[in-house]
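Here is the file my_file00.cif (mmCIF, N, CA and C atoms).
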```cif
data_model
#
loop_
_atom_site.group_PDB
_atom_site.id
_atom_site.type_symbol
_atom_site.label_atom_id
_atom_site.label_comp_id
_atom_site.auth_asym_id
_atom_site.auth_seq_id
_atom_site.Cartn_x
_atom_site.Cartn_y
_atom_site.Cartn_z
ATOM 1 N N MET Q 188 -28.213 2.837 21.504
ATOM 2 C CA MET Q 188 -27.393 2.824 20.323
ATOM 3 C C MET Q 188 -26.309 1.762 20.482
ATOM 4 N N LYS Q 189 -26.198 0.898 19.490
ATOM 5 C CA LYS Q 189 -25.209 -0.171 19.520
ATOM 6 C C LYS Q 189 -23.915 0.290 18.845
ATOM 7 N N THR Q 190 -22.786 -0.001 19.477
ATOM 8 C CA THR Q 190 -21.482 0.319 18.925
ATOM 9 C C THR Q 190 -20.903 -0.923 18.282
ATOM 10 N N THR Q 191 -20.436 -0.758 17.050
ATOM 11 C CA THR Q 191 -19.819 -1.865 16.332
ATOM 12 C C THR Q 191 -18.316 -1.634 16.299
ATOM 13 N N ARG Q 192 -17.560 -2.686 16.639
ATOM 14 C CA ARG Q 192 -16.102 -2.609 16.610
ATOM 15 C C ARG Q 192 -15.598 -3.448 15.440
ATOM 16 N N TYR Q 193 -14.600 -2.918 14.781
ATOM 17 C CA TYR Q 193 -14.007 -3.591 13.633
ATOM 18 C C TYR Q 193 -12.524 -3.826 13.899
ATOM 19 N N GLU Q 194 -12.014 -4.907 13.363
ATOM 20 C CA GLU Q 194 -10.595 -5.213 13.498
ATOM 21 C C GLU Q 194 -9.762 -4.235 12.676
ATOM 22 N N SER Q 195 -10.289 -3.793 11.564
ATOM 23 C CA SER Q 195 -9.584 -2.895 10.654
ATOM 24 C C SER Q 195 -10.574 -1.873 10.112
ATOM 25 N N VAL Q 196 -10.077 -0.701 9.781
ATOM 26 C CA VAL Q 196 -10.938 0.312 9.172
ATOM 27 C C VAL Q 196 -11.515 -0.211 7.862
ATOM 28 N N TRP Q 197 -10.760 -1.063 7.177
ATOM 29 C CA TRP Q 197 -11.237 -1.620 5.911
ATOM 30 C C TRP Q 197 -12.431 -2.538 6.119
ATOM 31 N N ASP Q 198 -12.513 -3.195 7.271
ATOM 32 C CA ASP Q 198 -13.677 -4.032 7.570
ATOM 33 C C ASP Q 198 -14.941 -3.174 7.638
ATOM 34 N N ALA Q 199 -14.789 -1.957 8.113
ATOM 35 C CA ALA Q 199 -15.930 -1.050 8.216
ATOM 36 C C ALA Q 199 -16.295 -0.439 6.865
ATOM 37 N N LEU Q 200 -15.311 -0.223 6.025
ATOM 38 C CA LEU Q 200 -15.537 0.498 4.775
ATOM 39 C C LEU Q 200 -15.916 -0.377 3.586
ATOM 40 N N GLU Q 201 -15.423 -1.585 3.553
ATOM 41 C CA GLU Q 201 -15.628 -2.436 2.375
ATOM 42 C C GLU Q 201 -16.863 -3.317 2.514
ATOM 43 N N GLU Q 202 -17.375 -3.717 1.370
ATOM 44 C CA GLU Q 202 -18.615 -4.492 1.302
ATOM 45 C C GLU Q 202 -18.490 -5.915 1.839
ATOM 46 N N ASN Q 203 -17.324 -6.536 1.614
ATOM 47 C CA ASN Q 203 -17.183 -7.937 2.023
ATOM 48 C C ASN Q 203 -15.760 -8.217 2.499
ATOM 49 N N ALA Q 204 -15.568 -9.398 3.026
ATOM 50 C CA ALA Q 204 -14.275 -9.774 3.614
ATOM 51 C C ALA Q 204 -13.155 -9.791 2.580
ATOM 52 N N ALA Q 205 -13.442 -10.214 1.365
ATOM 53 C CA ALA Q 205 -12.410 -10.277 0.329
ATOM 54 C C ALA Q 205 -11.913 -8.880 -0.030
ATOM 55 N N GLU Q 206 -12.819 -7.944 -0.212
ATOM 56 C CA GLU Q 206 -12.429 -6.576 -0.535
ATOM 57 C C GLU Q 206 -11.671 -5.946 0.631
ATOM 58 N N SER Q 207 -12.109 -6.216 1.834
ATOM 59 C CA SER Q 207 -11.438 -5.702 3.025
ATOM 60 C C SER Q 207 -10.008 -6.237 3.120
ATOM 61 N N ALA Q 208 -9.826 -7.522 2.877
ATOM 62 C CA ALA Q 208 -8.490 -8.128 2.934
ATOM 63 C C ALA Q 208 -7.572 -7.525 1.879
ATOM 64 N N SER Q 209 -8.090 -7.329 0.681
ATOM 65 C CA SER Q 209 -7.294 -6.743 -0.391
ATOM 66 C C SER Q 209 -6.869 -5.323 -0.026
ATOM 67 N N MET Q 210 -7.789 -4.529 0.467
ATOM 68 C CA MET Q 210 -7.469 -3.151 0.835
ATOM 69 C C MET Q 210 -6.498 -3.100 2.015
ATOM 70 N N ARG Q 211 -6.628 -4.001 2.934
ATOM 71 C CA ARG Q 211 -5.719 -4.050 4.085
ATOM 72 C C ARG Q 211 -4.284 -4.341 3.605
ATOM 73 N N MET Q 212 -4.143 -5.314 2.712
ATOM 74 C CA MET Q 212 -2.816 -5.641 2.188
ATOM 75 C C MET Q 212 -2.263 -4.499 1.337
ATOM 76 N N ARG Q 213 -3.123 -3.900 0.529
ATOM 77 C CA ARG Q 213 -2.679 -2.782 -0.298
ATOM 78 C C ARG Q 213 -2.215 -1.622 0.563
ATOM 79 N N SER Q 214 -2.944 -1.330 1.632
ATOM 80 C CA SER Q 214 -2.548 -0.205 2.481
ATOM 81 C C SER Q 214 -1.231 -0.490 3.197
ATOM 82 N N GLU Q 215 -1.026 -1.718 3.655
ATOM 83 C CA GLU Q 215 0.237 -2.065 4.318
ATOM 84 C C GLU Q 215 1.415 -1.931 3.354
ATOM 85 N N LEU Q 216 1.231 -2.393 2.123
ATOM 86 C CA LEU Q 216 2.282 -2.266 1.117
ATOM 87 C C LEU Q 216 2.546 -0.806 0.773
ATOM 88 N N LEU Q 217 1.493 -0.050 0.581
ATOM 89 C CA LEU Q 217 1.643 1.352 0.230
ATOM 90 C C LEU Q 217 2.423 2.099 1.312
ATOM 91 N N ILE Q 218 2.108 1.857 2.566
ATOM 92 C CA ILE Q 218 2.808 2.509 3.676
ATOM 93 C C ILE Q 218 4.283 2.113 3.688
ATOM 94 N N ALA Q 219 4.574 0.832 3.503
ATOM 95 C CA ALA Q 219 5.964 0.364 3.523
ATOM 96 C C ALA Q 219 6.770 0.977 2.372
ATOM 97 N N ILE Q 220 6.182 1.036 1.198
ATOM 98 C CA ILE Q 220 6.874 1.621 0.049
ATOM 99 C C ILE Q 220 7.085 3.116 0.275
ATOM 100 N N ASP Q 221 6.074 3.786 0.762
ATOM 101 C CA ASP Q 221 6.167 5.211 1.062
ATOM 102 C C ASP Q 221 7.319 5.483 2.036
ATOM 103 N N GLN Q 222 7.398 4.706 3.084
ATOM 104 C CA GLN Q 222 8.469 4.890 4.071
ATOM 105 C C GLN Q 222 9.839 4.655 3.446
ATOM 106 N N ARG Q 223 9.953 3.630 2.607
ATOM 107 C CA ARG Q 223 11.226 3.337 1.957
ATOM 108 C C ARG Q 223 11.639 4.483 1.040
ATOM 109 N N VAL Q 224 10.694 4.942 0.222
ATOM 110 C CA VAL Q 224 10.998 6.017 -0.726
ATOM 111 C C VAL Q 224 11.426 7.282 0.015
ATOM 112 N N ARG Q 225 10.722 7.635 1.065
ATOM 113 C CA ARG Q 225 11.071 8.843 1.822
ATOM 114 C C ARG Q 225 12.442 8.702 2.495
ATOM 115 N N SER Q 226 12.819 7.479 2.861
ATOM 116 C CA SER Q 226 14.126 7.268 3.503
ATOM 117 C C SER Q 226 15.281 7.504 2.529
ATOM 118 N N TRP Q 227 15.012 7.417 1.231
ATOM 119 C CA TRP Q 227 16.051 7.642 0.237
ATOM 120 C C TRP Q 227 16.477 9.102 0.171
ATOM 121 N N LYS Q 228 15.602 9.994 0.590
ATOM 122 C CA LYS Q 228 15.898 11.438 0.549
ATOM 123 C C LYS Q 228 16.291 11.898 -0.862
ATOM 124 N N LEU Q 229 15.538 11.424 -1.836
ATOM 125 C CA LEU Q 229 15.723 11.805 -3.237
ATOM 126 C C LEU Q 229 14.568 12.702 -3.666
ATOM 127 N N THR Q 230 14.729 13.357 -4.787
ATOM 128 C CA THR Q 230 13.590 14.066 -5.366
ATOM 129 C C THR Q 230 12.592 13.013 -5.858
ATOM 130 N N GLN Q 231 11.360 13.446 -6.083
ATOM 131 C CA GLN Q 231 10.369 12.506 -6.608
ATOM 132 C C GLN Q 231 10.795 11.977 -7.967
ATOM 133 N N ALA Q 232 11.385 12.812 -8.785
ATOM 134 C CA ALA Q 232 11.826 12.368 -10.118
ATOM 135 C C ALA Q 232 12.898 11.287 -9.991
ATOM 136 N N GLU Q 233 13.854 11.477 -9.078
ATOM 137 C CA GLU Q 233 14.913 10.483 -8.888
ATOM 138 C C GLU Q 233 14.356 9.186 -8.307
ATOM 139 N N ALA Q 234 13.452 9.301 -7.332
ATOM 140 C CA ALA Q 234 12.851 8.108 -6.729
ATOM 141 C C ALA Q 234 11.989 7.368 -7.739
ATOM 142 N N ALA Q 235 11.258 8.101 -8.563
ATOM 143 C CA ALA Q 235 10.428 7.482 -9.601
ATOM 144 C C ALA Q 235 11.290 6.702 -10.577
ATOM 145 N N LYS Q 236 12.415 7.288 -10.943
ATOM 146 C CA LYS Q 236 13.335 6.598 -11.865
ATOM 147 C C LYS Q 236 13.851 5.317 -11.225
ATOM 148 N N ARG Q 237 14.200 5.368 -9.948
ATOM 149 C CA ARG Q 237 14.695 4.182 -9.247
ATOM 150 C C ARG Q 237 13.636 3.074 -9.231
ATOM 151 N N LEU Q 238 12.361 3.460 -9.110
ATOM 152 C CA LEU Q 238 11.269 2.478 -9.064
ATOM 153 C C LEU Q 238 10.755 2.090 -10.454
ATOM 154 N N GLY Q 239 11.198 2.797 -11.481
ATOM 155 C CA GLY Q 239 10.747 2.491 -12.835
ATOM 156 C C GLY Q 239 9.334 2.942 -13.125
ATOM 157 N N VAL Q 240 8.926 4.055 -12.496
ATOM 158 C CA VAL Q 240 7.592 4.611 -12.731
ATOM 159 C C VAL Q 240 7.736 6.094 -13.069
ATOM 160 N N THR Q 241 6.654 6.692 -13.520
ATOM 161 C CA THR Q 241 6.673 8.130 -13.784
ATOM 162 C C THR Q 241 6.567 8.893 -12.464
ATOM 163 N N GLN Q 242 6.967 10.152 -12.495
ATOM 164 C CA GLN Q 242 6.870 10.979 -11.299
ATOM 165 C C GLN Q 242 5.408 11.159 -10.875
ATOM 166 N N PRO Q 243 4.459 11.370 -11.806
ATOM 167 C CA PRO Q 243 3.063 11.464 -11.363
ATOM 168 C C PRO Q 243 2.560 10.171 -10.686
ATOM 169 N N ARG Q 244 3.028 9.027 -11.174
ATOM 170 C CA ARG Q 244 2.638 7.750 -10.561
ATOM 171 C C ARG Q 244 3.192 7.654 -9.146
ATOM 172 N N LEU Q 245 4.435 8.054 -8.951
ATOM 173 C CA LEU Q 245 5.021 8.065 -7.618
ATOM 174 C C LEU Q 245 4.278 9.049 -6.720
ATOM 175 N N ASN Q 246 3.898 10.189 -7.267
ATOM 176 C CA ASN Q 246 3.153 11.173 -6.490
ATOM 177 C C ASN Q 246 1.838 10.588 -5.992
ATOM 178 N N ASP Q 247 1.169 9.797 -6.829
ATOM 179 C CA ASP Q 247 -0.066 9.122 -6.398
ATOM 180 C C ASP Q 247 0.212 8.218 -5.203
ATOM 181 N N LEU Q 248 1.327 7.510 -5.248
ATOM 182 C CA LEU Q 248 1.686 6.617 -4.146
ATOM 183 C C LEU Q 248 1.961 7.419 -2.865
ATOM 184 N N LEU Q 249 2.751 8.482 -2.991
ATOM 185 C CA LEU Q 249 3.120 9.267 -1.816
ATOM 186 C C LEU Q 249 1.933 10.041 -1.233
ATOM 187 N N ARG Q 250 0.912 10.243 -2.026
ATOM 188 C CA ARG Q 250 -0.308 10.892 -1.543
ATOM 189 C C ARG Q 250 -1.369 9.870 -1.129
ATOM 190 N N ALA Q 251 -0.941 8.603 -1.071
ATOM 191 C CA ALA Q 251 -1.789 7.497 -0.605
ATOM 192 C C ALA Q 251 -3.081 7.349 -1.404
ATOM 193 N N ARG Q 252 -2.994 7.512 -2.695
ATOM 194 C CA ARG Q 252 -4.161 7.309 -3.561
ATOM 195 C C ARG Q 252 -4.278 5.813 -3.852
ATOM 196 N N ILE Q 253 -4.699 5.100 -2.838
ATOM 197 C CA ILE Q 253 -4.671 3.637 -2.821
ATOM 198 C C ILE Q 253 -5.507 3.017 -3.934
ATOM 199 N N THR Q 254 -6.598 3.663 -4.325
ATOM 200 C CA THR Q 254 -7.456 3.085 -5.365
ATOM 201 C C THR Q 254 -6.793 3.102 -6.734
ATOM 202 N N ASN Q 255 -5.676 3.826 -6.869
ATOM 203 C CA ASN Q 255 -4.948 3.859 -8.145
ATOM 204 C C ASN Q 255 -3.975 2.695 -8.302
ATOM 205 N N PHE Q 256 -3.878 1.835 -7.280
ATOM 206 C CA PHE Q 256 -2.880 0.764 -7.295
ATOM 207 C C PHE Q 256 -3.521 -0.586 -7.014
ATOM 208 N N SER Q 257 -3.218 -1.546 -7.857
ATOM 209 C CA SER Q 257 -3.646 -2.922 -7.607
ATOM 210 C C SER Q 257 -2.655 -3.560 -6.635
ATOM 211 N N LEU Q 258 -3.049 -4.657 -6.064
ATOM 212 C CA LEU Q 258 -2.163 -5.400 -5.173
ATOM 213 C C LEU Q 258 -0.910 -5.839 -5.942
ATOM 214 N N ASP Q 259 -1.080 -6.312 -7.168
ATOM 215 C CA ASP Q 259 0.062 -6.724 -7.999
ATOM 216 C C ASP Q 259 1.027 -5.572 -8.243
ATOM 217 N N ALA Q 260 0.501 -4.410 -8.559
ATOM 218 C CA ALA Q 260 1.357 -3.250 -8.830
ATOM 219 C C ALA Q 260 2.159 -2.876 -7.585
ATOM 220 N N LEU Q 261 1.534 -2.944 -6.422
ATOM 221 C CA LEU Q 261 2.234 -2.604 -5.185
ATOM 222 C C LEU Q 261 3.299 -3.639 -4.831
ATOM 223 N N ILE Q 262 3.029 -4.897 -5.107
ATOM 224 C CA ILE Q 262 4.038 -5.935 -4.878
ATOM 225 C C ILE Q 262 5.240 -5.695 -5.790
ATOM 226 N N ASP Q 263 4.986 -5.350 -7.051
ATOM 227 C CA ASP Q 263 6.072 -5.046 -7.979
ATOM 228 C C ASP Q 263 6.887 -3.847 -7.501
ATOM 229 N N LEU Q 264 6.217 -2.799 -7.053
ATOM 230 C CA LEU Q 264 6.920 -1.614 -6.556
ATOM 231 C C LEU Q 264 7.728 -1.939 -5.302
ATOM 232 N N ALA Q 265 7.173 -2.759 -4.439
ATOM 233 C CA ALA Q 265 7.895 -3.152 -3.223
ATOM 234 C C ALA Q 265 9.181 -3.891 -3.593
ATOM 235 N N ALA Q 266 9.103 -4.770 -4.568
ATOM 236 C CA ALA Q 266 10.295 -5.505 -5.004
ATOM 237 C C ALA Q 266 11.334 -4.550 -5.570
ATOM 238 N N ARG Q 267 10.891 -3.573 -6.360
ATOM 239 C CA ARG Q 267 11.823 -2.591 -6.920
ATOM 240 C C ARG Q 267 12.440 -1.706 -5.836
ATOM 241 N N ALA Q 268 11.711 -1.547 -4.727
ATOM 242 C CA ALA Q 268 12.220 -0.766 -3.589
ATOM 243 C C ALA Q 268 13.072 -1.640 -2.670
ATOM 244 N N ARG Q 269 13.302 -2.879 -3.094
ATOM 245 C CA ARG Q 269 14.097 -3.860 -2.329
ATOM 246 C C ARG Q 269 13.469 -4.173 -0.971
ATOM 247 N N LEU Q 270 12.150 -4.344 -1.012
ATOM 248 C CA LEU Q 270 11.411 -4.800 0.160
ATOM 249 C C LEU Q 270 10.982 -6.244 -0.082
ATOM 250 N N ASN Q 271 11.071 -7.074 0.930
ATOM 251 C CA ASN Q 271 10.576 -8.444 0.834
ATOM 252 C C ASN Q 271 9.112 -8.450 1.229
ATOM 253 N N VAL Q 272 8.301 -9.071 0.402
ATOM 254 C CA VAL Q 272 6.868 -9.148 0.664
ATOM 255 C C VAL Q 272 6.526 -10.590 1.017
ATOM 256 N N ARG Q 273 5.883 -10.756 2.142
ATOM 257 C CA ARG Q 273 5.411 -12.073 2.561
ATOM 258 C C ARG Q 273 3.943 -11.965 2.923
ATOM 259 N N ILE Q 274 3.201 -12.943 2.534
ATOM 260 C CA ILE Q 274 1.786 -12.982 2.881
ATOM 261 C C ILE Q 274 1.589 -14.059 3.926
ATOM 262 N N ARG Q 275 1.002 -13.681 5.026
ATOM 263 C CA ARG Q 275 0.736 -14.636 6.106
ATOM 264 C C ARG Q 275 -0.735 -15.023 6.008
ATOM 265 N N ILE Q 276 -0.982 -16.297 5.952
ATOM 266 C CA ILE Q 276 -2.342 -16.804 5.824
ATOM 267 C C ILE Q 276 -2.724 -17.505 7.113
ATOM 268 N N THR Q 277 -3.840 -17.059 7.684
ATOM 269 C CA THR Q 277 -4.345 -17.677 8.913
ATOM 270 C C THR Q 277 -5.815 -17.966 8.736
ATOM 271 N N GLN Q 278 -6.306 -18.820 9.580
ATOM 272 C CA GLN Q 278 -7.735 -19.158 9.541
ATOM 273 C C GLN Q 278 -8.521 -18.000 10.161
ATOM 274 N N ALA Q 279 -9.612 -17.627 9.495
ATOM 275 C CA ALA Q 279 -10.458 -16.532 10.007
ATOM 276 C C ALA Q 279 -11.140 -16.949 11.297
ATOM 277 N N ALA Q 280 -11.331 -15.967 12.143
ATOM 278 C CA ALA Q 280 -11.976 -16.222 13.423
ATOM 279 C C ALA Q 280 -13.443 -16.511 13.267
#
```
Before we go any further, please render this structure as structure tokens.
Amino acid sequence: MKTTRYESVWDALEENAAESASMRMRSELLIAIDQRVRSWKLTQAEAAKRLGVTQPRLNDLLRARITNFSLDALIDLAARARLNVRIRITQAA
């Protein structure tokens, strides 16, 4: 039996490199926003208001429902959470 190793769980789950890269970036953003929101120690309703989203939308984020968020939407939320987003581009191995 051959064992396959992946750099990221998304490499194993997604069909191609582009989808894997998108999911990897989305998951990193989602985690960072989640950590920021939880650090505020606000109710979900108060945190949602601060981010300019509905409470159910924030709940989706805090429950890591990643497929409900586009990369653009997560970048916008990160900016509203006062997080700086930078994309590092490197040549693939």
Which residues of region 198-238 of chain Q come within 10 Å of region 251-256 of chain Q, and what is each one's closest atom pair and distance in Å (one decimal), counting only C-alpha atoms, sorted by chain and residue number, as a Markdown table?
```
| residue | atom | partner | partner_atom | distance |
| --- | --- | --- | --- | --- |
| Q:Met210 | CA | Q:Ile253 | CA | 8.2 |
| Q:Arg213 | CA | Q:Ile253 | CA | 7.2 |
| Q:Ser214 | CA | Q:Ile253 | CA | 6.9 |
| Q:Leu216 | CA | Q:Ile253 | CA | 9.9 |
| Q:Leu217 | CA | Q:Ala251 | CA | 7.1 |
| Q:Ile218 | CA | Q:Ala251 | CA | 8.0 |
| Q:Asp221 | CA | Q:Ala251 | CA | 8.4 |
```
DSSP on the backbone, alpha helix (DSSP H) only: what residues of chain Q does that give? Format it as a ChimeraX atom specification. /Q:196-200,204-227,231-238,242-249,258-267
Would you pick out the contacts of region 230-243 of chain Q at 7 Å or less, using only N, CA and C atoms, so that residues sharing its chain but fewer than 4 positions from it are not included, and give the list as a ChimeraX atom specification? /Q:224,247-248,264,267-268
Atom pair CA of Arg250 (chain Q) / atom C of Ala219 (chain Q): separation (Å): 12.8 Å
Take CA of Ala265 (chain Q) and CA of Arg223 (chain Q) and report the distance between them in Å, one decimal. 8.9 Å
From the list Q:Leu229, Q:Leu249, Q:Ala279, Q:Leu258, which residue is nearest Ser209 (chain Q) when using only N, CA and C atoms?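 Ranking Q:Leu229, Q:Leu249, Q:Ala279, Q:Leu258 by distance to Ser209 (chain Q), first place goes to Q:Leu258.
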Do you know which residues lie at most 8 Å from (6.2, -6.7, 2.9), with coordinates as in the file and only N, CA and C atoms counted, and could you write them as a list in words?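 The distance filter leaves exactly Glu215, Leu216, Ala219, Ile220, Ala265, Leu270, Asn271, Val272, Arg273 and Ile274 of chain Q.
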Using N, CA and C atoms, can you export the residues from the last selection as a compact mmCIF listing (two decimals), in the coordinates of the input?
```
# COMPACT_ATOMS: atom_id res chain seq x y z
N GLU Q 215 -1.03 -1.72 3.66
CA GLU Q 215 0.24 -2.06 4.32
C GLU Q 215 1.42 -1.93 3.35
N LEU Q 216 1.23 -2.39 2.12
CA LEU Q 216 2.28 -2.27 1.12
C LEU Q 216 2.55 -0.81 0.77
N ALA Q 219 4.57 0.83 3.50
CA ALA Q 219 5.96 0.36 3.52
C ALA Q 219 6.77 0.98 2.37
N ILE Q 220 6.18 1.04 1.20
CA ILE Q 220 6.87 1.62 0.05
C ILE Q 220 7.08 3.12 0.28
N ALA Q 265 7.17 -2.76 -4.44
CA ALA Q 265 7.90 -3.15 -3.22
C ALA Q 265 9.18 -3.89 -3.59
N LEU Q 270 12.15 -4.34 -1.01
CA LEU Q 270 11.41 -4.80 0.16
C LEU Q 270 10.98 -6.24 -0.08
N ASN Q 271 11.07 -7.07 0.93
CA ASN Q 271 10.58 -8.44 0.83
C ASN Q 271 9.11 -8.45 1.23
N VAL Q 272 8.30 -9.07 0.40
CA VAL Q 272 6.87 -9.15 0.66
C VAL Q 272 6.53 -10.59 1.02
N ARG Q 273 5.88 -10.76 2.14
CA ARG Q 273 5.41 -12.07 2.56
C ARG Q 273 3.94 -11.96 2.92
N ILE Q 274 3.20 -12.94 2.53
CA ILE Q 274 1.79 -12.98 2.88
C ILE Q 274 1.59 -14.06 3.93
```
Rounded to one decimal place, report the atom N of Ser226 (chain Q)-atom N of Arg275 (chain Q) distance in Å.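 We find that atom N of Ser226 (chain Q) and atom N of Arg275 (chain Q) lie 24.3 Å from each other.
Considering only C-alpha atoms, the residue among Q:Arg192, Q:Ser257, Q:Arg225, Q:Leu245 positioned nearest to Glu206 (chain Q) is Q:Ser257.
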As AutoDock Vina command-line options: centre and edge lengths in Å, one decimal, of the axis-aligned box holding region 256-275 of chain Q with 6 Å per side:
```
--center_x 5.1 --center_y -6.6 --center_z -1.4 --size_x 30.0 --size_y 28.9 --size_z 26.9
```
